[in-house]
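So this one's final-v5.txt, compact mmCIF, C-alpha atoms:
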# COMPACT_ATOMS: atom_id res chain seq x y z
CA MET X 1 109.85 118.55 126.55
CA ALA X 2 110.76 115.47 128.54
CA GLN X 3 112.89 112.78 126.92
CA LYS X 4 110.94 109.85 125.47
CA ASP X 5 111.78 106.18 125.81
CA ALA X 6 113.22 104.15 122.97
CA ALA X 7 110.53 102.24 121.13
CA GLU X 8 109.98 98.67 122.30
CA PRO X 9 108.24 95.73 120.60
CA ILE X 10 104.45 96.02 120.82
CA ASP X 11 102.17 93.00 121.29
CA GLN X 12 98.73 92.79 119.66
CA GLN X 13 96.80 93.85 122.76
CA GLU X 14 99.03 96.88 123.25
CA GLU X 15 98.76 97.74 119.56
CA GLU X 16 94.96 97.74 119.83
CA ARG X 17 95.18 99.93 122.93
CA LEU X 18 97.43 102.43 121.14
CA LYS X 19 95.11 102.50 118.12
CA ALA X 20 92.14 103.19 120.40
CA LEU X 21 94.04 106.03 122.07
CA GLU X 22 95.02 107.50 118.71
CA ALA X 23 91.42 107.32 117.50
CA TYR X 24 90.30 109.77 120.18
CA ASN X 25 92.55 112.42 118.59
CA ILE X 26 93.30 113.85 122.02
CA LEU X 27 97.09 113.57 122.29
CA ASP X 28 99.08 116.83 122.24
CA THR X 29 95.96 118.99 122.21
CA PRO X 30 95.76 122.29 124.12
CA ALA X 31 94.36 122.54 127.65
CA GLU X 32 90.57 122.51 127.90
CA THR X 33 88.49 123.80 130.78
CA GLU X 34 86.30 120.72 131.22
CA TYR X 35 89.35 118.53 131.87
CA ASP X 36 91.09 121.05 134.12
CA GLU X 37 87.95 121.25 136.24
CA ILE X 38 88.01 117.46 136.71
CA THR X 39 91.65 117.37 137.87
CA GLN X 40 91.01 120.29 140.23
CA LEU X 41 88.00 118.46 141.69
CA ALA X 42 89.97 115.21 142.02
CA SER X 43 92.77 117.01 143.85
CA TYR X 44 90.26 118.66 146.18
CA ILE X 45 88.30 115.46 146.94
CA CYS X 46 91.42 113.38 147.57
CA GLY X 47 93.33 116.08 149.41
CA THR X 48 96.42 115.87 147.19
CA PRO X 49 98.56 118.64 145.71
CA ILE X 50 98.88 116.87 142.36
CA SER X 51 96.23 115.46 140.03
CA LEU X 52 96.69 114.36 136.42
CA ILE X 53 94.81 113.07 133.41
CA SER X 54 97.57 110.86 132.05
CA LEU X 55 97.52 109.15 128.65
CA ILE X 56 100.02 106.36 127.99
CA THR X 57 101.61 106.13 124.54
CA HIS X 58 104.26 103.58 123.50
CA ASP X 59 107.09 105.75 124.85
CA ARG X 60 105.66 108.45 127.15
CA GLN X 61 102.89 109.53 129.45
CA TRP X 62 101.31 112.76 128.31
CA PHE X 63 99.11 114.90 130.54
CA LYS X 64 95.89 116.22 129.05
CA SER X 65 95.34 118.12 132.28
CA ARG X 66 97.55 118.64 135.32
CA VAL X 67 97.32 120.28 138.73
CA GLY X 68 100.47 120.84 140.80
CA LEU X 69 102.94 119.63 138.14
CA LYS X 70 104.84 121.77 135.64
CA VAL X 71 105.97 119.19 133.06
CA GLN X 72 103.67 118.24 130.19
CA GLU X 73 104.93 114.64 129.91
CA THR X 74 107.45 112.12 131.19
CA PRO X 75 109.00 108.95 129.74
CA ARG X 76 106.70 105.95 130.02
CA SER X 77 109.38 103.94 131.83
CA MET X 78 109.18 106.37 134.77
CA SER X 79 105.41 106.48 134.98
CA PHE X 80 103.25 104.99 137.72
CA CYS X 81 100.33 105.04 135.29
CA GLN X 82 101.84 102.39 133.02
CA HIS X 83 101.45 99.99 135.97
CA ALA X 84 97.95 101.27 136.72
CA ILE X 85 96.60 100.45 133.23
CA LYS X 86 97.71 96.83 133.65
CA GLN X 87 95.55 96.38 136.74
CA GLU X 88 91.99 95.11 136.80
CA GLU X 89 91.02 97.35 139.70
CA PHE X 90 91.85 100.66 141.31
CA PHE X 91 95.62 101.11 141.68
CA GLU X 92 97.03 102.64 144.87
CA ILE X 93 100.59 102.98 146.18
CA PRO X 94 100.45 104.15 149.83
CA ASP X 95 104.23 104.71 150.12
CA ALA X 96 106.40 104.57 147.01
CA LEU X 97 109.61 104.31 149.06
CA GLN X 98 108.35 101.03 150.50
CA ASP X 99 107.47 99.56 147.07
CA LYS X 100 110.30 97.82 145.19
CA ARG X 101 108.78 98.81 141.84
CA PHE X 102 109.08 102.52 142.58
CA LYS X 103 111.59 103.16 145.35
CA ASP X 104 114.39 103.94 142.86
CA ASN X 105 112.17 105.80 140.40
CA PRO X 106 113.58 109.29 139.58
CA LEU X 107 110.11 110.75 140.23
CA VAL X 108 110.34 109.33 143.75
CA THR X 109 113.99 110.06 144.55
CA GLY X 110 113.79 113.48 142.90
CA ASP X 111 111.23 116.11 141.91
CA PRO X 112 108.25 115.87 142.42
CA ASN X 113 109.22 113.42 145.26
CA ILE X 114 106.23 111.11 144.90
CA ARG X 115 105.35 109.08 147.98
CA PHE X 116 101.65 108.42 147.38
CA TYR X 117 99.89 107.52 144.13
CA ALA X 118 96.32 106.46 143.30
CA GLY X 119 94.95 106.01 139.79
CA SER X 120 91.64 105.05 138.21
CA GLN X 121 91.86 103.71 134.66
CA LEU X 122 90.42 105.64 131.73
CA ILE X 123 88.62 102.87 129.84
CA GLY X 124 87.54 103.64 126.29
CA SER X 125 84.32 102.46 124.67
CA GLY X 126 86.15 99.46 123.21
CA GLY X 127 87.45 98.35 126.61
CA GLN X 128 91.03 99.55 126.09
CA LYS X 129 92.75 101.34 128.96
CA LEU X 130 93.95 104.66 127.63
CA GLY X 131 95.56 106.01 130.78
CA THR X 132 94.47 107.17 134.22
CA LEU X 133 92.99 109.92 136.28
CA CYS X 134 95.46 109.93 139.14
CA VAL X 135 96.23 111.83 142.32
CA ILE X 136 99.71 112.19 143.85
CA ASP X 137 101.09 113.36 147.18
CA LYS X 138 104.52 113.90 148.67
CA VAL X 139 103.60 112.09 151.87
CA PRO X 140 102.32 108.52 152.44
CA LYS X 141 98.55 108.15 152.72
CA HIS X 142 95.47 106.04 151.90
CA LEU X 143 92.29 107.11 150.15
CA THR X 144 88.98 106.35 151.77
CA ASP X 145 86.44 104.20 149.97
CA ALA X 146 84.40 107.31 149.25
CA GLN X 147 87.44 109.04 147.73
CA LYS X 148 88.22 106.00 145.57
CA LYS X 149 84.64 105.86 144.35
CA ALA X 150 84.70 109.59 143.54
CA LEU X 151 87.95 109.22 141.59
CA GLN X 152 86.48 106.34 139.59
CA THR X 153 83.37 108.41 138.83
CA LEU X 154 85.50 111.32 137.67
CA ALA X 155 87.59 108.96 135.47
CA ARG X 156 84.41 107.83 133.72
CA GLN X 157 83.52 111.48 133.19
CA VAL X 158 86.91 112.06 131.54
CA VAL X 159 86.19 109.29 129.03
CA THR X 160 82.68 110.65 128.47
CA ASN X 161 84.28 113.98 127.59
CA PHE X 162 86.64 112.17 125.21
CA GLU X 163 83.64 110.59 123.50
CA LEU X 164 81.74 113.88 123.29
CA ARG X 165 84.81 115.68 121.98
CA LEU X 166 85.29 113.03 119.28
CA LYS X 167 81.61 113.13 118.34
CA GLN X 168 81.80 116.91 118.03
CA GLN X 169 84.80 116.60 115.71
CA GLU X 170 82.93 114.05 113.60
CA LEU X 171 79.90 116.33 113.42
CA GLU X 172 82.11 119.24 112.37
CA GLN X 173 83.65 117.08 109.66
CA GLU X 174 80.21 115.97 108.49
CA LYS X 175 79.11 119.61 108.46
CA LYS X 176 82.07 120.54 106.24
CA GLN X 177 81.32 117.62 103.92
CA LEU X 178 77.66 118.65 103.77
CA GLN X 179 78.62 122.24 102.97
CA LYS X 180 80.92 120.97 100.22
CA ALA X 181 78.18 118.71 98.87
CA ASN X 182 75.69 121.59 98.95
CA TYR X 183 78.14 123.79 97.05
CA LYS X 184 78.55 121.09 94.40
CA LEU X 185 74.77 120.69 94.26
CA ASP X 186 74.36 124.43 93.74
CA GLN X 187 76.83 124.24 90.85
CA PHE X 188 74.98 121.26 89.43
CA VAL X 189 71.56 122.92 89.66
CA HIS X 190 72.90 126.13 88.13
CA MET X 191 74.37 124.17 85.23
CA VAL X 192 71.14 122.24 84.67
CA SER X 193 68.92 125.32 84.82
CA HIS X 194 71.15 127.39 82.57
CA ASP X 195 72.82 125.09 80.10
CA LEU X 196 69.94 122.74 79.33
CA LYS X 197 68.00 125.76 78.10
CA GLU X 198 70.39 126.36 75.20
CA PRO X 199 69.75 123.12 73.23
CA ILE X 200 66.01 123.32 74.01
CA MET X 201 65.82 126.89 72.69
CA ASN X 202 67.79 125.88 69.59
CA MET X 203 65.43 122.97 68.93
CA HIS X 204 62.46 125.29 69.43
CA ALA X 205 63.91 127.78 66.93
CA VAL X 206 64.56 125.10 64.30
CA THR X 207 61.03 123.74 64.80
CA GLU X 208 59.61 127.23 64.10
CA TRP X 209 61.70 127.45 60.91
CA LEU X 210 60.33 124.11 59.78
CA GLN X 211 56.76 125.23 60.49
CA GLU X 212 57.30 128.45 58.56
CA ASP X 213 58.81 126.62 55.59
CA LEU X 214 56.01 124.05 55.58
CA SER X 215 53.37 126.80 55.70
CA ALA X 216 55.05 128.52 52.77
CA MET X 217 55.49 125.15 51.03
CA ASP X 218 59.20 125.98 50.76
CA TYR X 219 61.09 122.70 51.03
CA SER X 220 64.51 123.95 49.99
CA SER X 221 65.82 124.08 53.56
CA LEU X 222 63.89 121.10 54.88
CA SER X 223 66.79 118.64 54.78
CA SER X 224 69.32 121.02 56.36
CA ASN X 225 66.88 122.08 59.09
CA LEU X 226 66.04 118.47 59.93
CA GLN X 227 69.76 117.70 60.12
CA LEU X 228 70.22 120.72 62.40
CA LEU X 229 67.36 119.53 64.59
CA LYS X 230 68.94 116.09 64.77
CA GLU X 231 72.27 117.62 65.80
CA ARG X 232 70.61 119.71 68.52
CA ALA X 233 68.76 116.65 69.84
CA SER X 234 72.00 114.65 69.82
CA ALA X 235 73.80 117.42 71.72
CA MET X 236 71.05 117.49 74.33
CA GLU X 237 71.18 113.69 74.62
CA ASP X 238 74.94 113.85 75.27
CA LEU X 239 74.40 116.52 77.89
CA VAL X 240 71.66 114.61 79.71
CA GLU X 241 73.69 111.39 79.58
CA GLY X 242 76.67 113.22 81.02
CA LEU X 243 74.55 114.66 83.81
CA LEU X 244 73.13 111.25 84.67
CA GLN X 245 76.60 109.73 84.66
CA TYR X 246 77.99 112.47 86.89
CA SER X 247 75.11 112.47 89.37
CA SER X 248 74.94 108.67 89.70
CA THR X 249 78.67 108.01 90.07
CA GLN X 250 79.18 106.42 93.49
CA VAL X 251 82.29 104.63 94.73
CA LYS X 252 80.66 103.10 97.80
CA ASN X 253 78.89 99.74 97.64
CA LEU X 254 80.21 98.90 94.16
CA LYS X 255 81.39 95.33 93.73
CA LYS X 256 85.13 94.78 93.32
CA GLU X 257 86.35 92.22 90.84
CA VAL X 258 89.61 91.07 89.26
CA VAL X 259 90.35 93.42 86.36
CA ALA X 260 93.01 92.91 83.70
CA VAL X 261 93.62 96.56 82.83
CA GLY X 262 95.07 95.77 79.38
CA THR X 263 91.91 93.87 78.39
CA LEU X 264 89.70 96.58 79.87
CA LEU X 265 91.51 99.23 77.81
CA ARG X 266 91.09 97.31 74.57
CA ASN X 267 87.37 96.94 75.26
CA VAL X 268 87.06 100.63 76.08
CA ILE X 269 88.90 101.67 72.91
CA SER X 270 86.74 99.49 70.68
CA GLY X 271 83.64 101.37 71.81
CA ILE X 272 84.93 104.94 71.27
CA LYS X 273 83.47 106.81 68.32
CA GLY X 274 86.02 108.12 65.81
CA VAL X 275 88.94 106.15 67.25
CA LYS X 276 89.90 104.26 64.04
CA PRO X 277 92.27 106.92 62.58
CA PHE X 278 94.28 106.93 65.84
CA ASN X 279 97.23 104.77 66.82
CA ILE X 280 96.73 103.83 70.45
CA HIS X 281 99.76 102.42 72.24
CA ILE X 282 99.05 100.44 75.42
CA ALA X 283 102.05 99.72 77.64
CA PRO X 284 102.69 95.96 77.86
CA GLN X 285 103.01 95.85 81.65
CA MET X 286 99.40 96.80 82.45
CA PRO X 287 98.50 95.28 85.84
CA VAL X 288 95.79 92.94 87.00
CA LEU X 289 94.07 94.29 90.11
CA GLN X 290 90.95 93.89 92.20
CA THR X 291 88.85 97.00 91.86
CA GLU X 292 85.51 98.43 90.71
CA ARG X 293 85.61 97.68 86.98
CA VAL X 294 82.92 100.17 85.99
CA LEU X 295 84.70 103.10 87.66
CA LEU X 296 88.10 102.42 86.12
CA GLN X 297 86.37 101.90 82.79
CA GLN X 298 84.64 105.29 83.07
CA VAL X 299 87.91 107.06 83.82
CA PHE X 300 89.77 105.57 80.86
CA ALA X 301 86.78 105.97 78.52
CA ASN X 302 86.50 109.68 79.27
CA LEU X 303 90.22 110.40 79.00
CA ILE X 304 90.76 108.45 75.78
CA SER X 305 87.56 109.71 74.12
CA ASN X 306 88.57 113.29 74.97
CA ALA X 307 91.97 112.73 73.37
CA VAL X 308 90.18 111.58 70.22
CA LYS X 309 87.40 114.17 70.27
CA TYR X 310 89.59 117.24 70.80
CA HIS X 311 92.49 116.29 68.53
CA HIS X 312 93.08 119.10 66.07
CA THR X 313 93.85 116.84 63.08
CA GLY X 314 91.33 114.04 63.58
CA SER X 315 94.07 111.42 63.72
CA GLY X 316 97.20 110.91 65.74
CA ASN X 317 98.75 108.96 68.61
CA ILE X 318 97.57 108.15 72.10
CA TRP X 319 99.78 106.43 74.67
CA VAL X 320 98.46 104.72 77.82
CA ASN X 321 101.11 103.94 80.44
CA VAL X 322 101.36 102.87 84.07
CA ALA X 323 103.90 103.17 86.89
CA ASP X 324 103.88 100.88 89.95
CA GLU X 325 104.40 103.03 93.05
CA GLY X 326 103.99 100.50 95.85
CA GLN X 327 100.56 101.11 97.36
CA LYS X 328 99.14 102.57 94.16
CA TYR X 329 99.44 102.74 90.39
CA THR X 330 99.87 105.96 88.46
CA PHE X 331 98.20 105.68 85.05
CA SER X 332 98.68 108.19 82.24
CA VAL X 333 96.89 108.96 78.97
CA LYS X 334 99.02 111.01 76.60
CA ASP X 335 98.15 112.45 73.19
CA ASP X 336 99.83 114.51 70.46
CA GLY X 337 96.88 116.87 70.12
CA PRO X 338 96.75 120.69 70.35
CA GLY X 339 97.66 120.83 74.04
CA ILE X 340 96.16 122.95 76.80
CA ALA X 341 97.62 126.20 78.14
CA PRO X 342 98.83 125.91 81.79
CA GLN X 343 96.39 128.57 83.03
CA HIS X 344 93.51 126.26 82.12
CA HIS X 345 94.81 123.10 83.81
CA ALA X 346 92.84 123.47 87.06
CA LYS X 347 89.74 124.90 85.41
CA ILE X 348 89.32 122.05 82.96
CA PHE X 349 88.23 119.63 85.71
CA GLY X 350 85.27 121.82 86.68
CA LEU X 351 81.71 120.75 85.94
CA TYR X 352 80.68 121.78 82.41
CA GLU X 353 84.04 123.38 81.67
CA ARG X 354 84.93 122.93 78.02
CA LEU X 355 87.65 125.14 76.61
CA LEU X 356 86.36 124.62 73.08
CA ARG X 357 82.68 125.14 73.89
CA ASP X 358 82.38 128.03 71.45
CA SER X 359 83.71 125.96 68.55
CA ASN X 360 82.03 123.17 66.64
CA THR X 361 83.73 120.53 68.76
CA PRO X 362 81.07 118.29 70.38
CA GLY X 363 81.00 117.40 74.06
CA SER X 364 79.12 118.17 77.26
CA GLY X 365 82.10 119.24 79.36
CA ILE X 366 81.01 116.86 82.13
CA GLY X 367 83.43 114.01 81.45
CA LEU X 368 86.49 115.37 83.25
CA ALA X 369 84.38 116.43 86.24
CA THR X 370 83.15 112.85 86.44
CA VAL X 371 86.69 111.50 86.17
CA LYS X 372 87.91 113.81 88.93
CA ARG X 373 85.02 112.80 91.17
CA ILE X 374 85.68 109.07 90.68
CA VAL X 375 89.44 109.32 91.22
CA GLU X 376 89.18 111.49 94.33
CA ASP X 377 86.38 109.39 95.84
CA LYS X 378 88.74 106.42 95.41
CA GLY X 379 91.39 108.28 97.43
CA GLY X 380 93.53 109.19 94.44
CA ARG X 381 94.32 112.36 92.55
CA ILE X 382 94.32 113.48 88.92
CA TRP X 383 96.41 116.12 87.22
CA LEU X 384 97.43 117.40 83.80
CA GLU X 385 100.74 118.20 82.16
CA SER X 386 100.43 120.11 78.90
CA GLU X 387 101.45 123.11 76.85
CA LEU X 388 99.90 124.59 73.74
CA GLY X 389 101.07 122.74 70.65
CA LYS X 390 102.75 119.94 72.64
CA GLY X 391 99.92 117.52 73.37
CA ALA X 392 98.51 116.68 76.79
CA THR X 393 99.14 114.01 79.41
CA PHE X 394 96.52 113.22 82.05
CA TYR X 395 97.80 111.35 85.12
CA PHE X 396 95.70 109.69 87.82
CA THR X 397 96.49 107.45 90.77
CA TRP X 398 94.57 104.29 91.64
CA GLN X 399 94.93 102.32 94.87
CA LYS X 400 95.94 98.67 94.58

Would you put the structure from the file into structure tokens?
Amino acid sequence: MAQKDAAEPIDQQEEERLKALEAYNILDTPAETEYDEITQLASYICGTPISLISLITHDRQWFKSRVGLKVQETPRSMSFCQHAIKQEEFFEIPDALQDKRFKDNPLVTGDPNIRFYAGSQLIGSGGQKLGTLCVIDKVPKHLTDAQKKALQTLARQVVTNFELRLKQQELEQEKKQLQKANYKLDQFVHMVSHDLKEPIMNMHAVTEWLQEDLSAMDYSSLSSNLQLLKERASAMEDLVEGLLQYSSTQVKNLKKEVVAVGTLLRNVISGIKGVKPFNIHIAPQMPVLQTERVLLQQVFANLISNAVKYHHTGSGNIWVNVADEGQKYTFSVKDDGPGIAPQHHAKIFGLYERLLRDSNTPGSGIGLATVKRIVEDKGGRIWLESELGKGATFYFTWQK
């Protein structure tokens, strides 16, 4: 690979140009037939042995397609194209040896011995000049008006191909996202169709028992059966509420506001059922940040309520801490509960996964799936550190 130039200061206009070039995601990509056909046609029309699609970065010119030249790139300081993108019109050098800008250029005095150069700018949709479609010869010459016009037309076709290529990539990405969303929807529908049946069937069974007892005028089990019915209804309510929370959680379009995390945590804790026997320790350095209050509240509420709900003794300690990591915060919620075996760490974030679902411990198993969805939609990540008998610590990152 050719040596690159040392980086130089970049002004705002050049920075915007480089960002536009980067956005096309075309640099350092393999050869593609549609571009090679354009350079071949340009070389044929202009009668030159060399034709290039040249893209100008901050330190090099890289060739997306090339005819008659072996190297893939050259330093920007040696390139003719860096001069071409600064012009308002078509750029032509009839004889490089007679031009003070190029007569001592290594590409003129040495291989490939450039004498003639003509380039038409590749202008992106935002107006930035990305590079050129150029033709080169080893002898002095001039292009005709018809040749210049053809080269300009081909340059526009290069940019059109850039746009189509980018649109195709975006469509592929959208397709992957849609497939992922459909997979999640399939999981969601399966959970709804299967797991909502259980509390309904239980309620139906208890109702039949009540009818039988009433018909037999046997009231001995009336109170216990009504309590059981109430518990089944409560379980179904929790499940439906969890489903609604999970399905309606959206990061986009939510209003951001100034949030004092310490105050938010105290408000969250005050509303958690069964929290009174626990000692909850909030780190004193909790930050104040501008974010979506309701989302951060949901995350903390689920993590802290889980620490309370699944504690094996019904009382204990919970610690909430934070670490400032520059562009983000890493929050943690730690407990001294029963812990979770490492083989379950990934599984526990799945929709309706509850490791204690066969016990009498309440819960829909949707909370951690909701937390994971919120954190990841916000561009963060969540993970667990835990061992059986040693408590559990949930970590999640949150952008500033």

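Between CA of Val159 in chain X and CA of Ser65 in chain X the interatomic distance comes to 13.1 Å.
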
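Among the candidates X:Asn302, X:Thr313, X:Ser220, X:Ser54, the residue lying nearest to Gly367 in chain X is X:Asn302 (atoms considered: all atoms listed in the file).
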
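Across X:Gln40, X:Ser120, X:Gln169, X:Asn317, the tightest approach to Asn25 in chain X is made by X:Gln169 when counting all atoms listed in the file.
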
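The interatomic distance for the pair CA of Val299 in chain X and CA of Val371 in chain X works out to 5.2 Å.
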
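For the residues X:Asn113, X:Thr291, X:Gln72, X:Thr160, ranking by smallest atom-to-atom distance to Ser125 in chain X using all atoms listed in the file places X:Thr160 first.
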
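Here CA of Leu69 in chain X is placed at a distance of 29.0 Å from CA of Glu15 in chain X.
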
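By chain and then residue number, the residues within 10 Å of His281 in chain X are Phe278, Asn279, Ala283, Pro284, Asn317, Ile318, Trp319, Val320, Asn321, Val333 and Lys334 of chain X, counting only C-alpha atoms and disregarding those fewer than 2 positions away in sequence.
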
Residues within 9 Å of Gly127 in chain X, all atoms listed in the file, excluding chain neighbours under 3 positions, as a VMD selection string: chain X and resid 17 123 to 124
